[in-house]
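Next comes model07.pdb, a file with PDB, C-alpha atoms.
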ATOM      1  CA  MET A   1     121.026 220.562  10.629
ATOM      2  CA  ALA A   2     118.885 218.098  12.605
ATOM      3  CA  ASN A   3     119.439 217.877  16.344
ATOM      4  CA  THR A   4     118.458 215.533  19.160
ATOM      5  CA  ALA A   5     115.278 216.506  21.029
ATOM      6  CA  ASN A   6     116.667 217.136  24.515
ATOM      7  CA  MET A   7     120.339 218.014  24.321
ATOM      8  CA  ARG A   8     120.237 219.389  20.752
ATOM      9  CA  PHE A   9     123.272 217.350  19.784
ATOM     10  CA  PRO A  10     123.935 217.345  16.017
ATOM     11  CA  LEU A  11     122.775 214.345  14.004
ATOM     12  CA  ILE A  12     124.500 212.919  10.932
ATOM     13  CA  ALA A  13     122.356 213.353   7.836
ATOM     14  CA  GLU A  14     121.990 210.544   5.309
ATOM     15  CA  GLY A  15     124.845 210.709   2.789
ATOM     16  CA  GLN A  16     126.526 213.586   4.619
ATOM     17  CA  ALA A  17     130.121 214.317   3.664
ATOM     18  CA  GLN A  18     132.753 214.168   6.412
ATOM     19  CA  PRO A  19     130.393 212.602   8.986
ATOM     20  CA  HIS A  20     133.259 212.370  11.471
ATOM     21  CA  VAL A  21     132.924 216.142  12.114
ATOM     22  CA  ILE A  22     129.347 215.790  13.352
ATOM     23  CA  ALA A  23     130.061 212.512  15.163
ATOM     24  CA  ASN A  24     133.016 214.040  16.974
ATOM     25  CA  MET A  25     130.999 217.099  17.990
ATOM     26  CA  GLY A  26     128.228 214.896  19.380
ATOM     27  CA  ALA A  27     130.747 212.812  21.332
ATOM     28  CA  THR A  28     132.416 215.951  22.705
ATOM     29  CA  LEU A  29     129.084 217.407  23.824
ATOM     30  CA  SER A  30     128.140 214.122  25.478
ATOM     31  CA  ASP A  31     131.444 214.064  27.345
ATOM     32  CA  LEU A  32     131.058 217.644  28.596
ATOM     33  CA  VAL A  33     127.433 217.233  29.643
ATOM     34  CA  ALA A  34     128.076 213.950  31.476
ATOM     35  CA  GLY A  35     129.529 215.873  34.409
ATOM     36  CA  ARG A  36     126.243 217.744  34.973
ATOM     37  CA  THR A  37     128.150 220.676  36.516
ATOM     38  CA  VAL A  38     127.819 224.417  35.898
ATOM     39  CA  LEU A  39     130.056 227.177  37.234
ATOM     40  CA  SER A  40     127.202 229.493  38.173
ATOM     41  CA  ALA A  41     123.449 229.993  37.951
ATOM     42  CA  SER A  42     123.494 233.777  38.343
ATOM     43  CA  LEU A  43     125.491 235.050  35.360
ATOM     44  CA  ALA A  44     123.099 236.968  33.076
ATOM     45  CA  THR A  45     125.687 237.833  30.409
ATOM     46  CA  PRO A  46     128.640 235.766  29.127
ATOM     47  CA  PRO A  47     132.039 235.942  30.836
ATOM     48  CA  VAL A  48     134.671 238.084  29.118
ATOM     49  CA  ALA A  49     137.121 235.203  28.684
ATOM     50  CA  PRO A  50     135.120 231.934  28.469
ATOM     51  CA  VAL A  51     136.963 228.644  28.731
ATOM     52  CA  GLU A  52     136.263 225.704  26.449
ATOM     53  CA  GLY A  53     133.990 223.218  28.208
ATOM     54  CA  ASP A  54     132.613 225.672  30.772
ATOM     55  CA  ALA A  55     128.856 225.600  31.389
ATOM     56  CA  TYR A  56     126.421 228.042  32.982
ATOM     57  CA  MET A  57     122.803 227.732  34.125
ATOM     58  CA  LEU A  58     121.207 230.911  32.804
ATOM     59  CA  PRO A  59     118.941 233.027  35.021
ATOM     60  CA  SER A  60     115.755 234.712  33.816
ATOM     61  CA  GLY A  61     116.520 237.640  31.523
ATOM     62  CA  ALA A  62     119.889 236.300  30.382
ATOM     63  CA  SER A  63     121.111 237.679  27.063
ATOM     64  CA  GLY A  64     124.151 237.808  24.805
ATOM     65  CA  TRP A  65     124.885 234.077  24.800
ATOM     66  CA  THR A  66     125.275 233.892  21.029
ATOM     67  CA  SER A  67     125.300 230.422  19.492
ATOM     68  CA  ALA A  68     127.088 229.510  16.286
ATOM     69  CA  ASP A  69     123.894 227.974  14.836
ATOM     70  CA  GLY A  70     121.633 230.882  15.840
ATOM     71  CA  ASN A  71     119.909 228.804  18.529
ATOM     72  CA  ASP A  72     120.960 231.146  21.326
ATOM     73  CA  PRO A  73     120.694 229.994  24.980
ATOM     74  CA  VAL A  74     118.158 231.978  27.035
ATOM     75  CA  GLY A  75     117.034 232.081  30.668
ATOM     76  CA  GLY A  76     116.515 228.579  32.064
ATOM     77  CA  ASP A  77     118.844 226.941  29.529
ATOM     78  CA  ILE A  78     122.309 225.533  30.077
ATOM     79  CA  ALA A  79     124.913 227.407  28.028
ATOM     80  CA  LEU A  80     127.905 225.217  27.153
ATOM     81  CA  ARG A  81     131.082 226.581  25.579
ATOM     82  CA  LEU A  82     132.246 224.494  22.634
ATOM     83  CA  ALA A  83     134.461 225.274  19.624
ATOM     84  CA  GLY A  84     134.514 228.982  20.443
ATOM     85  CA  ALA A  85     130.738 229.412  20.699
ATOM     86  CA  TRP A  86     127.895 228.811  23.135
ATOM     87  CA  HIS A  87     125.802 225.685  22.680
ATOM     88  CA  ARG A  88     122.206 225.652  23.933
ATOM     89  CA  ILE A  89     121.038 222.767  26.128
ATOM     90  CA  VAL A  90     117.316 222.824  26.920
ATOM     91  CA  PRO A  91     116.677 221.141  30.303
ATOM     92  CA  ALA A  92     114.087 218.406  30.832
ATOM     93  CA  LEU A  93     111.966 217.818  33.930
ATOM     94  CA  GLY A  94     113.909 216.044  36.670
ATOM     95  CA  TRP A  95     117.393 217.053  35.561
ATOM     96  CA  ARG A  96     119.814 217.583  38.443
ATOM     97  CA  TRP A  97     122.910 219.729  37.946
ATOM     98  CA  TYR A  98     125.544 220.799  40.460
ATOM     99  CA  VAL A  99     126.182 224.565  40.722
ATOM    100  CA  ARG A 100     129.766 225.149  41.833
ATOM    101  CA  ASP A 101     129.485 228.681  43.192
ATOM    102  CA  GLU A 102     126.446 227.665  45.278
ATOM    103  CA  GLY A 103     127.983 224.478  46.649
ATOM    104  CA  GLY A 104     124.849 222.451  45.898
ATOM    105  CA  ALA A 105     122.447 221.074  43.321
ATOM    106  CA  ARG A 106     119.472 222.433  41.412
ATOM    107  CA  ILE A 107     116.681 220.334  39.921
ATOM    108  CA  PHE A 108     114.581 221.362  36.922
ATOM    109  CA  THR A 109     110.825 221.435  37.593
ATOM    110  CA  ALA A 110     107.728 222.829  35.896
ATOM    111  CA  ALA A 111     108.512 226.061  37.786
ATOM    112  CA  GLY A 112     112.101 226.144  36.519
ATOM    113  CA  TRP A 113     115.355 225.360  38.310
ATOM    114  CA  ARG A 114     114.875 224.822  42.062
ATOM    115  CA  VAL A 115     117.624 224.706  44.675
ATOM    116  CA  GLY A 116     117.672 221.289  46.342
ATOM    117  CA  ASP A 117     118.783 217.684  46.121
ATOM    118  CA  VAL A 118     115.198 216.407  46.386
ATOM    119  CA  VAL A 119     112.210 218.143  44.770
ATOM    120  CA  THR A 120     108.582 216.962  44.893
ATOM    121  CA  ASP A 121     106.110 217.259  42.032
ATOM    122  CA  ALA A 122     104.546 220.180  43.876
ATOM    123  CA  GLY A 123     107.927 221.911  44.088
ATOM    124  CA  ALA A 124     108.853 221.485  47.764
ATOM    125  CA  THR A 125     112.612 221.066  48.164
ATOM    126  CA  PHE A 126     115.236 219.696  50.498
ATOM    127  CA  GLY A 127     118.937 220.046  49.946
ATOM    128  CA  LEU A 128     122.482 220.077  51.238
ATOM    129  CA  ARG A 129     124.396 223.335  51.140
ATOM    130  CA  VAL A 130     128.036 224.243  51.722
ATOM    131  CA  ALA A 131     128.807 227.939  52.174
ATOM    132  CA  GLU A 132     132.471 228.965  52.199
ATOM    133  CA  ALA A 133     134.434 232.051  53.198
ATOM    134  CA  VAL A 134     138.090 233.032  53.556
ATOM    135  CA  LEU A 135     138.963 235.503  56.324
ATOM    136  CA  ASP A 136     142.024 237.709  56.713
ATOM    137  CA  LEU A 137     142.374 237.917  60.483
ATOM    138  CA  SER A 138     142.833 241.096  62.488
ATOM    139  CA  GLY A 139     142.050 242.378  65.980
ATOM    140  CA  GLY A 140     140.351 240.355  68.667
ATOM    141  CA  ALA A 141     137.903 238.643  66.312
ATOM    142  CA  THR A 142     137.003 238.548  62.622
ATOM    143  CA  ALA A 143     133.500 237.752  61.333
ATOM    144  CA  ALA A 144     132.265 235.952  58.245
ATOM    145  CA  ALA A 145     129.094 238.023  57.966
ATOM    146  CA  GLY A 146     125.915 236.114  57.137
ATOM    147  CA  LEU A 147     127.722 232.853  56.392
ATOM    148  CA  LEU A 148     125.094 230.815  58.266
ATOM    149  CA  PRO A 149     122.083 230.645  55.896
ATOM    150  CA  THR A 150     118.572 231.474  57.038
ATOM    151  CA  ARG A 151     115.829 228.857  57.573
ATOM    152  CA  ALA A 152     118.371 226.040  57.638
ATOM    153  CA  ILE A 153     119.600 223.260  59.897
ATOM    154  CA  ILE A 154     123.290 223.790  60.652
ATOM    155  CA  CYS A 155     125.331 220.595  61.075
ATOM    156  CA  GLY A 156     128.746 222.140  61.593
ATOM    157  CA  VAL A 157     131.468 224.494  60.404
ATOM    158  CA  SER A 158     134.825 223.212  59.215
ATOM    159  CA  SER A 159     137.878 225.465  59.402
ATOM    160  CA  TRP A 160     141.439 225.403  58.115
ATOM    161  CA  THR A 161     144.451 227.681  58.497
ATOM    162  CA  ILE A 162     145.525 228.912  55.074
ATOM    163  CA  ALA A 163     148.290 231.294  56.212
ATOM    164  CA  THR A 164     149.912 231.053  59.647
ATOM    165  CA  VAL A 165     148.046 233.028  62.291
ATOM    166  CA  THR A 166     150.164 235.655  64.050
ATOM    167  CA  GLY A 167     149.579 237.667  67.202
ATOM    168  CA  ALA A 168     147.467 234.913  68.786
ATOM    169  CA  ALA A 169     148.463 231.504  70.130
ATOM    170  CA  SER A 170     145.351 229.839  68.689
ATOM    171  CA  TYR A 171     141.807 230.691  67.654
ATOM    172  CA  ASP A 172     138.205 229.661  68.243
ATOM    173  CA  VAL A 173     135.424 229.318  65.679
ATOM    174  CA  GLY A 174     131.859 229.940  66.748
ATOM    175  CA  ILE A 175     128.994 232.422  66.965
ATOM    176  CA  ALA A 176     128.096 235.353  69.203
ATOM    177  CA  GLY A 177     127.734 234.073  72.772
ATOM    178  CA  GLU A 178     129.355 230.727  71.870
ATOM    179  CA  PRO A 179     132.783 231.641  70.477
ATOM    180  CA  SER A 180     134.077 228.041  70.396
ATOM    181  CA  LYS A 181     130.871 226.350  69.221
ATOM    182  CA  PHE A 182     132.618 224.893  66.155
ATOM    183  CA  GLY A 183     136.052 224.420  67.694
ATOM    184  CA  GLY A 184     138.335 225.904  70.370
ATOM    185  CA  SER A 185     142.082 226.489  70.649
ATOM    186  CA  LEU A 186     142.559 225.645  66.968
ATOM    187  CA  GLY A 187     145.978 225.480  65.352
ATOM    188  CA  ALA A 188     147.735 228.685  64.254
ATOM    189  CA  PRO A 189     150.232 227.050  61.814
ATOM    190  CA  ALA A 190     149.302 226.889  58.144
ATOM    191  CA  GLY A 191     147.809 223.493  57.289
ATOM    192  CA  SER A 192     145.968 223.059  60.589
ATOM    193  CA  SER A 193     142.299 222.111  60.246
ATOM    194  CA  ASN A 194     139.224 221.165  62.218
ATOM    195  CA  ILE A 195     135.874 219.567  61.373
ATOM    196  CA  GLY A 196     133.537 221.378  63.740
ATOM    197  CA  VAL A 197     130.483 219.136  63.913
ATOM    198  CA  VAL A 198     127.729 220.091  66.366
ATOM    199  CA  GLY A 199     124.316 218.967  67.453
ATOM    200  CA  PRO A 200     122.183 220.363  64.599
ATOM    201  CA  PHE A 201     120.429 223.670  65.257
ATOM    202  CA  ALA A 202     118.005 225.832  63.288
ATOM    203  CA  THR A 203     118.532 229.339  61.978
ATOM    204  CA  TYR A 204     115.797 231.885  61.315
ATOM    205  CA  ALA A 205     117.977 234.679  59.928
ATOM    206  CA  PRO A 206     121.451 234.855  58.363
ATOM    207  CA  GLY A 207     124.144 234.492  61.023
ATOM    208  CA  ASP A 208     127.796 235.438  61.384
ATOM    209  CA  VAL A 209     130.580 232.935  62.027
ATOM    210  CA  LEU A 210     133.249 234.381  64.313
ATOM    211  CA  VAL A 211     136.957 233.572  64.457
ATOM    212  CA  THR A 212     138.231 234.731  67.865
ATOM    213  CA  ALA A 213     141.864 235.160  68.931
ATOM    214  CA  ASN A 214     143.297 233.397  71.986
ATOM    215  CA  GLY A 215     146.300 234.765  73.923
ATOM    216  CA  GLY A 216     146.464 238.080  72.070
ATOM    217  CA  SER A 217     144.971 239.876  69.101
ATOM    218  CA  PHE A 218     145.360 238.825  65.485
ATOM    219  CA  THR A 219     148.100 240.635  63.590
ATOM    220  CA  GLY A 220     147.835 238.423  60.521
ATOM    221  CA  GLY A 221     146.832 235.064  59.152
ATOM    222  CA  ARG A 222     144.148 233.669  56.920
ATOM    223  CA  VAL A 223     141.484 231.075  57.752
ATOM    224  CA  GLY A 224     138.987 229.246  55.544
ATOM    225  CA  LEU A 225     135.495 228.325  56.742
ATOM    226  CA  ALA A 226     132.836 225.987  55.362
ATOM    227  CA  VAL A 227     129.305 225.762  56.735
ATOM    228  CA  LEU A 228     127.391 222.511  56.177
ATOM    229  CA  ALA A 229     123.626 223.014  56.223
ATOM    230  CA  LEU A 230     120.393 221.197  55.434
ATOM    231  CA  VAL A 231     118.025 223.562  53.620
ATOM    232  CA  PRO A 232     114.263 222.886  53.182
ATOM    233  CA  GLY A 233     112.100 224.863  50.773
ATOM    234  CA  VAL A 234     108.469 225.359  49.800
ATOM    235  CA  PRO A 235     106.928 225.359  46.307
ATOM    236  CA  VAL A 236     107.097 228.624  44.357
TER     237      VAL A 236
END

Could you rewrite the structure in this file as structure tokens?
Amino acid sequence: MANTANMRFPLIAEGQAQPHVIANMGATLSDLVAGRTVLSASLATPPVAPVEGDAYMLPSGASGWTSADGNDPVGGDIALRLAGAWHRIVPALGWRWYVRDEGGARIFTAAGWRVGDVVTDAGATFGLRVAEAVLDLSGGATAAAGLLPTRAIICGVSSWTIATVTGAASYDVGIAGEPSKFGGSLGAPAGSSNIGVVGPFATYAPGDVLVTANGGSFTGGRVGLAVLALVPGVPV
């Protein structure tokens, strides 16, 4: 069966019987790919229970992504689940896809997929990143270890109370030495939230985000955190 050059969508052959089958498959693939979103870029082997329409950006060394037409996706490809099988999408230079579990975009270059929203011809990058964590609170303070990325510009940390905080009247969100850097005396009831913007600062190693109890120690509660960062990169 003939396919398109880039996306490998099926083409209708001259005089082909039941052309609607091929036309419908091409339309379905186009619809799925239009979102330019993958669940992950780190899964080397297929998930145990794939869901129709899910897509993955395959890392180097990926295997087992068997395609119905024998054109199996490999490292660097996009693997798209369709009609119970994996469909191979070969990326082209300049493609930009959003990777959900990374909270940011990757762009395809001559050196492969690069993390970043902007990539130069030489491969230097610049991108937005959101790193999330959910903490079950206990004691005087609970840390989201390494949530602040290295070699980044941190613009703020948002926080929200998922389950009502107990044992403390409120909580602060910050870093060691600055416990309320991203917000102080924040709400204990579920549904409370804060957008903790700050004057941007640089990091040179991964850093912890601390949630510190006020008026007592945590005996329960759950808080979500999201770090917003600007991340530059060099060519590889």

Q: Taking the file as shown, find all residues satisfying the PyMOL selection byres ((chain A and resi 120) around 10) and write them as a VMD selection string.
A: chain A and resid 94 109 118 to 119 121 to 126 234 to 235

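Residues matched by the PyMOL selection byres ((chain A and resi 156) around 7) in this file: Ile154, Cys155, Val157, Ser158, Phe182, Gly196, Val197, Val198, Val227 and Leu228 of chain A.
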
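Here CA of Ala229 in chain A is placed at a distance of 27.5 Å from CA of Ala92 in chain A.
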
Q: Give as a VMD selection string the residues that the PyMOL selection byres ((chain A and resi 193) around 8) matches when applied to the coordinates above.
A: chain A and resid 158 to 161 186 to 187 191 to 192 194 to 195

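The gap separating CA of Val231 in chain A from CA of Gly174 in chain A is 20.1 Å, in Å to one decimal.
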
Q: Excluding Tyr98 in chain A and any residue of its chain fewer than 2 positions from it, enumerate the residues within 7 Å of it, using only C-alpha atoms, and give them as an MDAnalysis selection string.
A: chainID A and resid 36:38 96 100 104:106

**Q.** Selected residue of minimal separation from Pro149 in chain A among A:Val173, A:Ala55, A:Val130, A:Ala110, counting all atoms listed in the file
**A.** A:Val130

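Between CA of Gly215 in chain A and CA of Gly167 in chain A lies a distance of 8.0 Å.
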